[in-house]
Structures are given as structure tokens and as C-alpha cells.
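**Student:** Have a look at the structure that comes next, please.
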Number of protein chains: 2
Amino acid sequence: MTDNDQTPLDGVDRALVDALRKDGRTTLAVLSEISGLSLSAVQVRVRKLEARGVITGYRAVVNAEAVGLPLAAFIEITPLDQAQEDDAPERLRGMPGIESCYSVAGNANYLLVTRVASPRALEELLGRIRRTAKVSTRTTVVLQTYFEGQMTEPG
Amino acid sequence: MTDNDQTPLDGVDRALVDALRKDGRTTLAVLSEISGLSLSAVQVRVRKLEARGVITGYRAVVNAEAVGLPLAAFIEITPLDQAQEDDAPERLRGMPGIESCYSVAGNANYLLVTRVASPRALEELLGRIRRTAKVSTRTTVVLQTYFEGQMTEPG
DNA sequence: TGTGAAAAATCTGTAAT
DNA sequence: ATTACAGATTTTTCACA
């Protein structure tokens, strides 16, 4: 029961989730004020949100440049051999430099979000991807990041 | 001094950052064990990493479907009027549904990562983007997310 | 679910080495 | 940097409506 529970979130849950998305270290006391519930009740709510898989974890957000990965790129990939099973995502999972993997509706089959140290490292990553997943690649290099991971609610 | 300090990270800093990326709530006691440093020293280190802008914040990671935003899409945009100043990122900042904005090297000028509630909401978002930033759009819809925000170190 | 209060753990700051 | 200590804060647990 660590995932999937279609029970929709009520107003309080949404408020808690929003607060924790902005600051993953928001204390129960603050969450209590925000929601109007008691501290204990808030704790139970948060525990349930975690158990239901609504909140999947807590992460420190890191400056990519500061940790030596200043070069980001989107890489669209398409299997070379149509007959071959589509296990590209599984093959690429865990490969250093690959942050995310999506299947997409478009010319390419998959889209990867990657982050590496240098153009040279990107070249190496591309080679590794092509060999490992037997795919062709189309790379879009990121020149500047204006904002990332912004969280705006649809009202 | 909340940002930008080109001092490279040493091994301990890297270990601390890695641990906090995996779990933003890792306690100082645990970080102390991991790094081998005393709790006090670890506290100072983490404070400095935050002050230097290496760690920019802490966030709860949320299941997009659970919070009512099951439809993700990458939207490439290109200003319609060449003469017009390139202020698209500024115009789009904070717009509900837009998560990230990059300038990219490729056919398009910018790439947006978006997340909305439905195809209808995506249609509305596209309209809002075109009107607000005066751009043409090329949308790639995400069909499935295999993994996201994975953090693998280049060894 | 919810509340409230006590117990345990964690964080923060200071001081001496 | 390390250890040690004290006070404040936070989290956890328990009893109960």
C-alpha cells in the first residue's frame, strides 16, 4: 500500500502538499497553522500522504553547476530495430547522467533529460545510450535555464 | 553570499549533497555517520552549502497524477516576431502549468516542461502561451513516465 | 478523524580544546 | 575540526473523545 490510492485529496491535503512542495522541511507546527488542524492530526495526514504515494519523498534541490553538471540536454531516442522489444527505458535506467525518461507521442519514441559535466561527457553519454539501447538520437542542448521545477497550481 | 561560490566541493561535501538529494530530511546525526565528521562540523558544512547556493532548497516530491496533473508535455516555442525582444521566459514565469523553461540550441528558441490536468487544459495552456509570449509552439505529449529526477553520479 | 499532553529525538548555539 | 553541554524546537507516541 505504498502507492496508488485513488481517493481524491481534500482541501487540507492539498494545502499540506502545497506547503511541503515549496518547503519539504516545513514543520508540523507550521503545517498545523496552515491547515487549522492539530499537530497530531497533521502528522497523521502527512503519514497517509506518504503511505498512499502522494508524497513520494523529500529531496534537497541542488545547483547543477555547483555539483559539476552544468550541461543539460534533452535527447530524443528511437529504436533502430523495430522488431526489437522496447526495453530502452529499462536498459537506460540508472545510467549516470540520465535524469528522466519518458515515452512520448511524436517522431521519437522516448525522450531523455540528461545532465553532464561537459560537451565531451555528453558525447560519451550519447554513445553509451546508442550502444546500450540500440537507438538513434536527436539531441537538444540547453543553453540557459530560466527556471526549473516551478510549481504553480491551476487555481 | 546566498549564491555563486566557485569553490569546488570536496569529498565530504559531495557525500553530504548526495545524501540530502536522496533524502532531504536526512538528520545531522546520519550525515555525521556518512561523512565521518562530527555532528557540529556537519552542521557547519550543510549551512555553508545552503549559503553558497549549492543546496537551493528542500522539496517534497509529489506524484503528479495524485495531485491532479496527469498530463505532461514538452513545448518548444519560437517567437513569431523576430524583432520583438526575447522576453518569453519572463512573460511565462509563474504561469500555472509551466514547470520549467530553458533556452535551447535547436530549431526552437525555448523549451518548456508543462504539467496539466487534461487535454483540454493543455489546449488552454497552449493558447495562453501563444498569446502571452507571442510564439509558435510545437508540443510533445508525454505518454508514460518511466523515471524522473533520477540522480546518478558520474563516478 | 480528531485533540491534547508527555516522552524522545533533533537542532542550535556556545564554549573549550 | 572535535567534544561537550544546555536550551529550544520538532517529532513521536500514547490515551482518549
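In the C-alpha cells, chains take the letters A, B, ... in the order shown, each chain's residues start at 1, and ligands count up from 1 in the order shown.
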Go through chain C and flag each residue having an atom no more than 8 Å from chain A; for those, report the closest pair of atoms plus their distance in Å to one decimal, using only C-alpha atoms (C1' of nucleotides), ordered by chain and rising number, as CSV.
**Tutor:**
```
residue,atom,partner,partner_atom,distance
C:DT1,C1',A:Ala41,CA,7.8
C:DG2,C1',A:Ala41,CA,6.5
C:DT3,C1',A:Ser38,CA,6.8
```
**Student:** How would the residues just picked look written out with N, CA, C and O atoms (P, O5', C5', C4', C3', O3' and C1' of nucleotides) as an mmCIF file, in the first residue's frame?
**Tutor:**
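Contents of out_36.cif, as written:
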```
data_model
loop_
_atom_site.group_PDB
_atom_site.id
_atom_site.type_symbol
_atom_site.label_atom_id
_atom_site.label_comp_id
_atom_site.auth_asym_id
_atom_site.auth_seq_id
_atom_site.Cartn_x
_atom_site.Cartn_y
_atom_site.Cartn_z
ATOM 1 P P DT C 1 -9.934 8.887 7.411
ATOM 2 O "O5'" DT C 1 -9.993 9.087 8.932
ATOM 3 C "C5'" DT C 1 -9.272 10.036 9.724
ATOM 4 C "C4'" DT C 1 -10.129 11.260 9.986
ATOM 5 C "C3'" DT C 1 -9.248 12.386 10.474
ATOM 6 O "O3'" DT C 1 -9.738 13.655 10.047
ATOM 7 C "C1'" DT C 1 -10.627 11.575 12.253
ATOM 8 P P DG C 2 -8.661 14.868 10.348
ATOM 9 O "O5'" DG C 2 -8.840 15.174 11.911
ATOM 10 C "C5'" DG C 2 -10.046 15.788 12.327
ATOM 11 C "C4'" DG C 2 -10.176 15.757 13.844
ATOM 12 C "C3'" DG C 2 -8.998 16.372 14.613
ATOM 13 O "O3'" DG C 2 -9.232 17.753 14.812
ATOM 14 C "C1'" DG C 2 -9.783 14.355 15.635
ATOM 15 P P DT C 3 -8.073 18.645 15.462
ATOM 16 O "O5'" DT C 3 -8.010 18.172 16.970
ATOM 17 C "C5'" DT C 3 -9.104 18.453 17.859
ATOM 18 C "C4'" DT C 3 -8.713 18.096 19.275
ATOM 19 C "C3'" DT C 3 -7.510 18.865 19.826
ATOM 20 O "O3'" DT C 3 -7.913 19.689 20.903
ATOM 21 C "C1'" DT C 3 -7.341 16.531 20.274
#
```
**Student:** Going by DSSP on the backbone, which bits of chain A are helix (DSSP H, G or I)? Write them as a CSV table (one decimal) with C-alpha atoms, in the first residue's frame, please.
**Tutor:**
```csv
chain,number,residue,atom,x,y,z
A,11,GLY,CA,-8.6,20.9,0.8
A,12,VAL,CA,-6.4,20.2,3.8
A,13,ASP,CA,-4.4,17.5,2.0
A,14,ARG,CA,-3.9,19.9,-0.9
A,15,ALA,CA,-2.7,22.6,1.5
A,16,LEU,CA,-0.3,20.3,3.1
A,17,VAL,CA,1.1,19.0,-0.2
A,18,ASP,CA,1.5,22.5,-1.5
A,19,ALA,CA,3.4,23.6,1.6
A,20,LEU,CA,5.7,20.6,1.5
A,21,ARG,CA,6.3,21.1,-2.2
A,22,LYS,CA,7.5,24.6,-1.6
A,28,LEU,CA,4.3,20.0,11.7
A,29,ALA,CA,3.7,23.1,13.8
A,30,VAL,CA,3.6,25.3,10.7
A,31,LEU,CA,1.5,22.8,8.8
A,32,SER,CA,-0.8,22.8,11.7
A,33,GLU,CA,-1.3,26.6,11.5
A,34,ILE,CA,-1.8,26.4,7.7
A,35,SER,CA,-4.4,23.7,7.9
A,39,LEU,CA,-0.4,19.0,15.2
A,40,SER,CA,-1.2,15.3,15.7
A,41,ALA,CA,-3.9,15.3,13.0
A,42,VAL,CA,-1.5,16.9,10.6
A,43,GLN,CA,1.1,14.3,11.3
A,44,VAL,CA,-1.4,11.5,10.6
A,45,ARG,CA,-2.4,13.3,7.3
A,46,VAL,CA,1.2,13.6,6.2
A,47,ARG,CA,2.0,10.0,7.0
A,48,LYS,CA,-1.0,8.9,5.0
A,49,LEU,CA,0.0,11.1,2.1
A,50,GLU,CA,3.4,9.4,2.1
A,51,ALA,CA,1.9,5.9,2.5
A,88,ALA,CA,15.1,1.1,-23.9
A,89,PRO,CA,13.8,2.6,-20.6
A,90,GLU,CA,14.9,-0.4,-18.6
A,91,ARG,CA,18.3,-0.5,-20.3
A,92,LEU,CA,18.9,3.2,-19.6
A,119,PRO,CA,30.4,18.5,-24.1
A,120,ARG,CA,32.9,15.7,-24.1
A,121,ALA,CA,30.8,13.9,-21.4
A,122,LEU,CA,27.7,14.5,-23.4
A,123,GLU,CA,29.4,12.9,-26.4
A,124,GLU,CA,30.3,9.9,-24.3
A,125,LEU,CA,26.8,9.7,-22.9
A,126,LEU,CA,25.2,9.7,-26.4
A,127,GLY,CA,27.5,6.8,-27.4
A,128,ARG,CA,26.6,4.8,-24.4
A,129,ILE,CA,22.9,5.4,-25.0
A,130,ARG,CA,23.1,4.4,-28.6
A,131,ARG,CA,25.0,1.2,-27.8
A,132,THR,CA,23.0,0.2,-24.8
A,133,ALA,CA,19.5,0.8,-26.1
```
**Student:** Report the distance between CA of Arg93 in chain A and CA of Glu148 in chain B in Å, rounded to one decimal place.
**Tutor:**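 These atoms are spaced 10.0 Å apart.
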**Student:** If we count only C-alpha atoms (C1' of nucleotides) and set the cut-off at 12 Å, which residues sit around Cys101 in chain B, ignoring sequence neighbours fewer than 2 positions away in its own chain? Please answer as a ChimeraX atom specification.
**Tutor:** /A:142-150 /B:74-77,87-95,97-99,103-104,109-114
**Student:** Those same residues - N, CA, C and O atoms - I'd like them written as a compact mmCIF listing (two decimals), in the first residue's frame.
**Tutor:**
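Dumped everything to again11.txt:
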```txt
# COMPACT_ATOMS: atom_id res chain seq x y z
N VAL A 142 20.66 22.39 -23.85
CA VAL A 142 20.14 23.53 -23.08
C VAL A 142 21.22 24.60 -22.97
O VAL A 142 22.34 24.33 -22.54
N LEU A 143 20.87 25.80 -23.38
CA LEU A 143 21.82 26.91 -23.32
C LEU A 143 21.71 27.69 -22.02
O LEU A 143 22.68 28.20 -21.48
N GLN A 144 20.48 27.80 -21.55
CA GLN A 144 20.25 28.54 -20.31
C GLN A 144 19.00 28.04 -19.63
O GLN A 144 18.00 27.73 -20.29
N THR A 145 19.05 27.97 -18.33
CA THR A 145 17.87 27.57 -17.56
C THR A 145 17.27 28.81 -16.92
O THR A 145 17.89 29.44 -16.07
N TYR A 146 16.07 29.16 -17.36
CA TYR A 146 15.41 30.35 -16.81
C TYR A 146 14.76 30.01 -15.48
O TYR A 146 14.90 30.72 -14.51
N PHE A 147 14.02 28.93 -15.46
CA PHE A 147 13.50 28.43 -14.19
C PHE A 147 13.19 26.95 -14.36
O PHE A 147 13.00 26.46 -15.47
N GLU A 148 13.17 26.27 -13.23
CA GLU A 148 13.09 24.82 -13.25
C GLU A 148 12.27 24.34 -12.06
O GLU A 148 12.39 24.86 -10.95
N GLY A 149 11.44 23.34 -12.29
CA GLY A 149 10.70 22.75 -11.18
C GLY A 149 9.74 23.71 -10.50
O GLY A 149 9.40 23.54 -9.34
N GLN A 150 9.33 24.72 -11.23
CA GLN A 150 8.36 25.68 -10.70
C GLN A 150 7.06 24.95 -10.39
O GLN A 150 6.68 24.02 -11.09
N PHE B 74 6.14 18.48 -23.31
CA PHE B 74 7.26 19.37 -23.62
C PHE B 74 6.80 20.29 -24.74
O PHE B 74 6.29 19.83 -25.76
N ILE B 75 6.96 21.58 -24.55
CA ILE B 75 6.50 22.54 -25.55
C ILE B 75 7.67 23.39 -26.02
O ILE B 75 8.23 24.17 -25.26
N GLU B 76 8.03 23.20 -27.29
CA GLU B 76 9.07 24.05 -27.87
C GLU B 76 8.40 25.31 -28.39
O GLU B 76 7.36 25.24 -29.05
N ILE B 77 8.98 26.45 -28.10
CA ILE B 77 8.37 27.69 -28.58
C ILE B 77 9.39 28.56 -29.31
O ILE B 77 10.58 28.55 -29.01
N ASP B 87 11.65 38.20 -24.46
CA ASP B 87 11.29 38.19 -23.05
C ASP B 87 10.29 37.08 -22.74
O ASP B 87 9.60 37.12 -21.73
N ALA B 88 10.23 36.10 -23.62
CA ALA B 88 9.28 34.99 -23.43
C ALA B 88 9.42 34.35 -22.04
O ALA B 88 8.41 34.16 -21.36
N PRO B 89 10.63 34.02 -21.61
CA PRO B 89 10.76 33.38 -20.30
C PRO B 89 10.16 34.23 -19.18
O PRO B 89 9.49 33.70 -18.30
N GLU B 90 10.41 35.54 -19.24
CA GLU B 90 9.88 36.40 -18.19
C GLU B 90 8.35 36.42 -18.24
O GLU B 90 7.68 36.40 -17.22
N ARG B 91 7.82 36.47 -19.45
CA ARG B 91 6.36 36.50 -19.58
C ARG B 91 5.72 35.21 -19.09
O ARG B 91 4.60 35.19 -18.61
N LEU B 92 6.43 34.11 -19.24
CA LEU B 92 5.84 32.81 -18.91
C LEU B 92 6.10 32.38 -17.48
O LEU B 92 5.46 31.47 -16.96
N ARG B 93 7.02 33.06 -16.85
CA ARG B 93 7.35 32.69 -15.47
C ARG B 93 6.12 32.82 -14.58
O ARG B 93 5.43 33.83 -14.59
N GLY B 94 5.86 31.75 -13.83
CA GLY B 94 4.74 31.80 -12.90
C GLY B 94 3.40 31.38 -13.51
O GLY B 94 2.42 31.28 -12.79
N MET B 95 3.38 31.16 -14.82
CA MET B 95 2.12 30.75 -15.43
C MET B 95 1.76 29.33 -14.98
O MET B 95 2.58 28.42 -15.10
N GLY B 97 0.91 25.67 -14.67
CA GLY B 97 1.10 24.56 -15.58
C GLY B 97 2.50 24.48 -16.15
O GLY B 97 2.94 23.44 -16.60
N ILE B 98 3.22 25.61 -16.11
CA ILE B 98 4.59 25.61 -16.63
C ILE B 98 5.57 25.34 -15.50
O ILE B 98 5.63 26.07 -14.52
N GLU B 99 6.33 24.28 -15.67
CA GLU B 99 7.21 23.83 -14.60
C GLU B 99 8.63 24.36 -14.81
O GLU B 99 9.29 24.79 -13.87
N SER B 103 16.29 27.94 -22.54
CA SER B 103 16.59 28.32 -23.91
C SER B 103 17.45 27.19 -24.45
O SER B 103 18.27 26.62 -23.73
N VAL B 104 17.22 26.84 -25.71
CA VAL B 104 17.88 25.66 -26.26
C VAL B 104 18.52 25.93 -27.61
O VAL B 104 18.15 26.87 -28.33
N ASN B 109 13.49 28.23 -29.98
CA ASN B 109 14.30 29.08 -29.11
C ASN B 109 14.26 28.62 -27.66
O ASN B 109 15.25 28.67 -26.96
N TYR B 110 13.06 28.20 -27.25
CA TYR B 110 12.89 27.81 -25.85
C TYR B 110 12.17 26.47 -25.76
O TYR B 110 11.45 26.05 -26.68
N LEU B 111 12.37 25.85 -24.63
CA LEU B 111 11.68 24.58 -24.37
C LEU B 111 11.02 24.68 -23.00
O LEU B 111 11.67 25.05 -22.02
N LEU B 112 9.74 24.35 -22.96
CA LEU B 112 9.01 24.39 -21.70
C LEU B 112 8.64 22.98 -21.27
O LEU B 112 8.33 22.12 -22.11
N VAL B 113 8.69 22.73 -19.98
CA VAL B 113 8.17 21.49 -19.44
C VAL B 113 6.87 21.85 -18.73
O VAL B 113 6.86 22.74 -17.87
N THR B 114 5.81 21.20 -19.10
CA THR B 114 4.50 21.57 -18.55
C THR B 114 3.77 20.36 -17.98
O THR B 114 4.05 19.21 -18.33
```
**Student:** With a cut-off of 10 Å and counting only C-alpha atoms (C1' of nucleotides), select all residues of chain D in contact with chain A and give the selection as a ChimeraX atom specification.
**Tutor:** /D:9-12
**Student:** Please produce a file of the residues just selected, as a compact mmCIF listing (two decimals), in the first residue's frame, where the atoms kept are N, CA, C and O atoms (P, O5', C5', C4', C3', O3' and C1' of nucleotides).
**Tutor:**
```txt
# COMPACT_ATOMS: atom_id res chain seq x y z
P DT D 9 11.80 28.05 20.60
O5' DT D 9 11.74 26.82 19.59
C5' DT D 9 12.83 26.62 18.68
C4' DT D 9 12.69 25.30 17.98
C3' DT D 9 11.25 24.96 17.54
O3' DT D 9 11.27 24.71 16.15
C1' DT D 9 12.28 23.12 18.63
P DT D 10 9.96 24.34 15.31
O5' DT D 10 10.11 22.75 15.26
C5' DT D 10 11.37 22.18 14.92
C4' DT D 10 11.25 20.68 14.86
C3' DT D 10 9.91 20.16 14.32
O3' DT D 10 10.16 19.20 13.32
C1' DT D 10 10.41 19.16 16.41
P DT D 11 8.96 18.41 12.63
O5' DT D 11 9.04 16.99 13.36
C5' DT D 11 10.31 16.34 13.44
C4' DT D 11 10.17 15.06 14.24
C3' DT D 11 9.03 14.15 13.78
O3' DT D 11 9.55 12.84 13.62
C1' DT D 11 8.87 14.58 16.11
P DT D 12 8.60 11.68 13.10
O5' DT D 12 8.18 10.95 14.44
C5' DT D 12 9.20 10.59 15.39
C4' DT D 12 8.55 10.07 16.66
C3' DT D 12 7.39 9.09 16.44
O3' DT D 12 7.78 7.83 16.96
C1' DT D 12 6.89 10.73 18.11
```
**Student:** Could you tell me which of A:Ala108, A:Ala72, A:Met151, A:Leu80 comes closest to chain B if we count only C-alpha atoms?
**Tutor:**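 Under the stated criterion, the closest residue is A:Met151.
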**Student:** When you count only C-alpha atoms, which of these residues is closest to Val61 in chain A: A:Ala73, A:Tyr102, A:Arg115, A:Asp23?
**Tutor:**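 Between A:Ala73, A:Tyr102, A:Arg115, A:Asp23, the residue approaching Val61 in chain A most closely is A:Asp23.
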**Student:** Taking the DSSP assignment computed from this structure's backbone, write out as an MDAnalysis selection string all residues of range 24-129 of chain A that belong to strand (DSSP E).
**Tutor:** chainID A and resid 55:62 71:79 98:105 110:116
**Student:** Go through A:Gly36, A:Val141, A:Ser118, A:Pro70 and flag the residue nearest chain B, using only C-alpha atoms for the distances.
**Tutor:**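 Of A:Gly36, A:Val141, A:Ser118, A:Pro70, the one nearest chain B, counting only C-alpha atoms, is A:Val141.
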**Student:** What does the distance from CA of Tyr58 in chain B to CA of Ala60 in chain A come to in Å, to one decimal?
**Tutor:**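 Computing it gives 4.3 Å between the two atoms.
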